[in-house]
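Single-structure report; data block below.
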Amino acid sequence: MATAPQIKRQAPNILVTGTPGVGKSTLCQKLSETSGLQWLEISKIAKDYNCLEEYDEVYQCPILDEDKLLDGLEEVMCKGGNIVDYHSCEFFPERWFDVVFVLRTDNTTLYDRLVARGYTGKKLEDNIDCEIFQTILEEARASYNVDIVHELSSVAPTELEDNVNRICLWLQQWFQDNQ
Ligand SMILES: Nc1ncnc2c1ncn2[C@@H]1O[C@H](COP(=O)(O)OP(=O)(O)OP(=O)(O)O)[C@@H](O)[C@H]1O
Ligand SMILES: [Mg+2]
C-alpha cells in the first residue's frame with residue numbers, strides 16, 4: 001500500500017504531558033500567550049465535543065472516546081502550530097508531534113497540589129504512584145522517538161518561566177531549520 005506523502009507543517013506541534021497536577025495547563029496557557037501557538041486542552045475539548053463516554057467509578061473520571069477525539073483533531077493537527085495538553089500520550093498518532101515535553105514534580109509538591117484540588121483516596125494515591133513510577137515519562141519514551149522527548153521540572157514558579165523560555169528557544173530553532 002502506498003503511503004500518503006508527508007505534507008510539511010507551517011509550524012510545529014508540541015505535546016505537553018505528565019501526571020495530573022504537574023502544571024501542564026499552567027505552562028501551556030503561558031506558552032500559548034508567549035508563542036502565539038494554539039493551546040489544545042484535551043480534557044476540555046473532549047467534554048465540549050462529546051468525546052466522553054460513561055463514568056469510570058473506580059478511577060472517578062469519564063472514559064474517553066479516543067477515535068472520535070482523534071478524528072476531530074486530525075485537520076487542525078495537520079496544519080500545525082498547536083500545543084496539545086493531556087495527561088496521557090500513547091494514543092495520539094506519533095506523526096502529529098515534533099517535540100514532547102513531560103512535566104515532572106516531586107511527590108510532596110504533587111500531593112499538596114492534588115489535595116488542594118480535593119483529590120482523596122484511590123484517585124489521589126493512583127496519581128501519586130503515577131508520578132513516583134514515572135509512568136507518563138515511560139509512556140512518552142515508548143510512544144515517540146526518545147530524542148524528541150524531554151523532561152521538565154515543574155515545581156517552582158521560576159521553573160515555569162524557565163520552561164516557557166526553553167520551549168520558545170526550541171521553537172525559534174524549529175522555524176530556522178524549517179524555513
Ligand atoms: N511551576 C509551577 N510552580 C508552582 N506551582 C505550579 C507550577 N505549575 C503549576 N503549578 C500549580 O499546580 C497546580 C496544578 O497545575 P495545573 O492545573 O496546570 O496542572 P495540570 O497538569 O494541567 O493538571 P491536569 O492534568 O489535572 O489538568 C495549580 O495550582 C498551579 O497553579
Ligand atoms: Mg490541566
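Just remember, in the C-alpha cells the first chain shown is A, the second B, etc., residues are 1-based per chain, and ligands are 1-based in the order shown.
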Select the residues contacting ligand 1 at a distance of at most 7 Å, based on only C-alpha atoms and all ligand atoms, then format the selection as a short mmCIF file (atom, residue, chain, number, x, y, z; two decimals) with C-alpha atoms, in the first residue's frame.
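This went into pocket03.cif:
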data_model
loop_
_atom_site.label_atom_id
_atom_site.label_comp_id
_atom_site.auth_asym_id
_atom_site.auth_seq_id
_atom_site.Cartn_x
_atom_site.Cartn_y
_atom_site.Cartn_z
CA GLY A 18 2.59 14.43 32.61
CA THR A 19 0.67 13.23 35.66
CA PRO A 20 -2.43 15.25 36.59
CA GLY A 21 -1.41 18.28 38.64
CA VAL A 22 2.18 18.66 37.41
CA GLY A 23 1.36 22.00 35.80
CA LYS A 24 0.61 21.27 32.13
CA SER A 25 -2.24 23.75 31.73
CA THR A 26 -0.38 26.47 33.65
CA LEU A 27 2.58 26.07 31.31
CA TYR A 86 -3.04 15.96 28.13
CA HIS A 87 -2.17 13.57 30.97
CA ARG A 113 -1.47 20.26 44.77
CA SER A 154 7.66 21.91 37.19
CA VAL A 155 7.90 22.51 40.94
CA ALA A 156 8.65 26.21 41.47
CA PRO A 157 7.20 29.31 39.78
CA THR A 158 10.68 30.23 38.48
CA GLU A 159 10.71 26.91 36.62
CA LEU A 160 7.53 27.93 34.86
#
Can you pull out every residue within 6 Å of segment 38-45 of chain A, counting only C-alpha atoms, but drop anything in the same chain fewer than 5 positions away, and send it as a list of chain:residue names? A:Ser32, A:Asn82, A:Ile83, A:Val84, A:Asp85, A:Tyr86
Keeping only N, CA and C atoms, write those residues as a tab-separated table (two decimals), in the first residue's frame.
chain	number	residue	atom	x	y	z
A	32	SER	N	1.27	29.52	25.19
A	32	SER	CA	0.40	29.92	24.09
A	32	SER	C	0.39	31.45	23.96
A	82	ASN	N	0.17	23.84	17.11
A	82	ASN	CA	-0.64	23.50	18.28
A	82	ASN	C	0.20	23.05	19.47
A	83	ILE	N	-0.30	23.38	20.65
A	83	ILE	CA	0.28	22.86	21.89
A	83	ILE	C	-0.79	21.94	22.48
A	84	VAL	N	-0.53	20.65	22.48
A	84	VAL	CA	-1.51	19.69	22.99
A	84	VAL	C	-1.20	19.38	24.45
A	85	ASP	N	-2.20	19.50	25.30
A	85	ASP	CA	-2.06	19.36	26.75
A	85	ASP	C	-2.92	18.19	27.22
A	86	TYR	N	-2.25	17.09	27.63
A	86	TYR	CA	-3.04	15.96	28.13
A	86	TYR	C	-2.20	15.07	29.05
Next item on the list: Mind listing the helix (DSSP H, G or I) residues of segment 18-131 of chain A, per DSSP on the backbone, as a ChimeraX atom specification?
Entry: /A:24-35,42-48,66-79,94-96,107-116,121-131
**Message:** Just want the 7 Å neighbourhood of segment 135-145 of chain A, counted on only C-alpha atoms, with same-chain residues fewer than 6 positions away dropped. Output as a ChimeraX atom specification.
**Reply:** /A:18-19,88-90,94,102
Please save N, CA and C atoms of the selected residues as a short mmCIF file (atom, residue, chain, number, x, y, z; two decimals), in the first residue's frame.
data_model
loop_
_atom_site.label_atom_id
_atom_site.label_comp_id
_atom_site.auth_asym_id
_atom_site.auth_seq_id
_atom_site.Cartn_x
_atom_site.Cartn_y
_atom_site.Cartn_z
N GLY A 18 2.14 14.65 31.23
CA GLY A 18 2.59 14.43 32.61
C GLY A 18 1.40 14.10 33.48
N THR A 19 1.70 13.61 34.66
CA THR A 19 0.67 13.23 35.66
C THR A 19 -0.27 14.41 35.94
N SER A 88 -2.08 11.90 29.21
CA SER A 88 -1.69 10.62 28.64
C SER A 88 -1.18 10.94 27.24
N CYS A 89 -0.43 10.04 26.62
CA CYS A 89 0.14 10.43 25.32
C CYS A 89 0.24 9.30 24.31
N GLU A 90 -0.02 8.07 24.72
CA GLU A 90 0.27 6.94 23.84
C GLU A 90 -0.70 6.80 22.67
N GLU A 94 1.90 9.23 16.34
CA GLU A 94 3.28 9.67 16.54
C GLU A 94 3.64 10.82 15.59
N VAL A 102 7.62 16.32 28.96
CA VAL A 102 6.97 15.63 30.07
C VAL A 102 7.29 16.41 31.34
#
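Among the candidates A:Leu15, A:Leu114, A:Ile63, A:Val146, the one nearest to Phe97 of chain A when counting only C-alpha atoms is A:Leu15.
Here atom CA of Asn13 of chain A and atom CA of Met77 of chain A stand 7.1 Å from one another.
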I'd like the neighbourhood of Lys68 of chain A as a ChimeraX atom specification, where a residue qualifies if any of its atoms comes within 10 Å (using only C-alpha atoms), though same-chain residues fewer than 3 positions away should be ignored. /A:46,49-52,64-65,71-73
Those same residues - C-alpha atoms - I'd like them written as a compact mmCIF listing (two decimals), in the first residue's frame.
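Below is the file again-v5.txt, written as the result:
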# COMPACT_ATOMS: atom_id res chain seq x y z
CA ALA A 46 -13.23 16.09 24.88
CA TYR A 49 -17.17 17.87 21.64
CA ASN A 50 -18.91 14.99 23.44
CA CYS A 51 -15.98 12.60 23.33
CA LEU A 52 -16.61 11.33 26.84
CA LEU A 64 -12.54 8.99 26.62
CA ASP A 65 -13.77 8.06 23.13
CA ASP A 71 -10.77 12.19 14.06
CA GLY A 72 -11.92 15.60 15.22
CA LEU A 73 -8.37 16.86 15.76
Between A:Arg166, A:Cys130, A:Arg9, A:Tyr119, smallest distance to Cys61 of chain A by only C-alpha atoms belongs to A:Tyr119
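Considering only C-alpha atoms and all ligand atoms, the residue among A:Lys47, A:Asn165, A:Ile132, A:Thr17 positioned nearest to ligand 2 is A:Thr17.
Among the candidate residues A:Lys79, A:Arg117, A:Arg95, A:Lys123, the one lying nearest to ligand 2 is A:Arg117, with distances computed using only C-alpha atoms and all ligand atoms.
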Assign secondary structure with DSSP using the backbone only, and return the residues of segment 55-90 of chain A in strand (DSSP E or B) as an mmCIF file with C-alpha atoms, in the first residue's frame.
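File produced: out_28.cif:
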data_model
loop_
_atom_site.group_PDB
_atom_site.id
_atom_site.type_symbol
_atom_site.label_atom_id
_atom_site.label_comp_id
_atom_site.auth_asym_id
_atom_site.auth_seq_id
_atom_site.Cartn_x
_atom_site.Cartn_y
_atom_site.Cartn_z
ATOM 1 C CA TYR A 55 -18.140 7.356 34.029
ATOM 2 C CA ASP A 56 -15.461 5.040 35.428
ATOM 3 C CA CYS A 61 -13.302 10.007 35.738
ATOM 4 C CA PRO A 62 -15.177 9.677 32.445
ATOM 5 C CA ILE A 63 -13.887 7.319 29.751
ATOM 6 C CA LEU A 64 -12.541 8.992 26.617
ATOM 7 C CA GLY A 80 0.470 22.556 12.786
ATOM 8 C CA ASN A 82 -0.641 23.505 18.280
ATOM 9 C CA ILE A 83 0.279 22.856 21.888
ATOM 10 C CA VAL A 84 -1.509 19.686 22.986
ATOM 11 C CA ASP A 85 -2.060 19.361 26.751
ATOM 12 C CA TYR A 86 -3.042 15.959 28.133
#
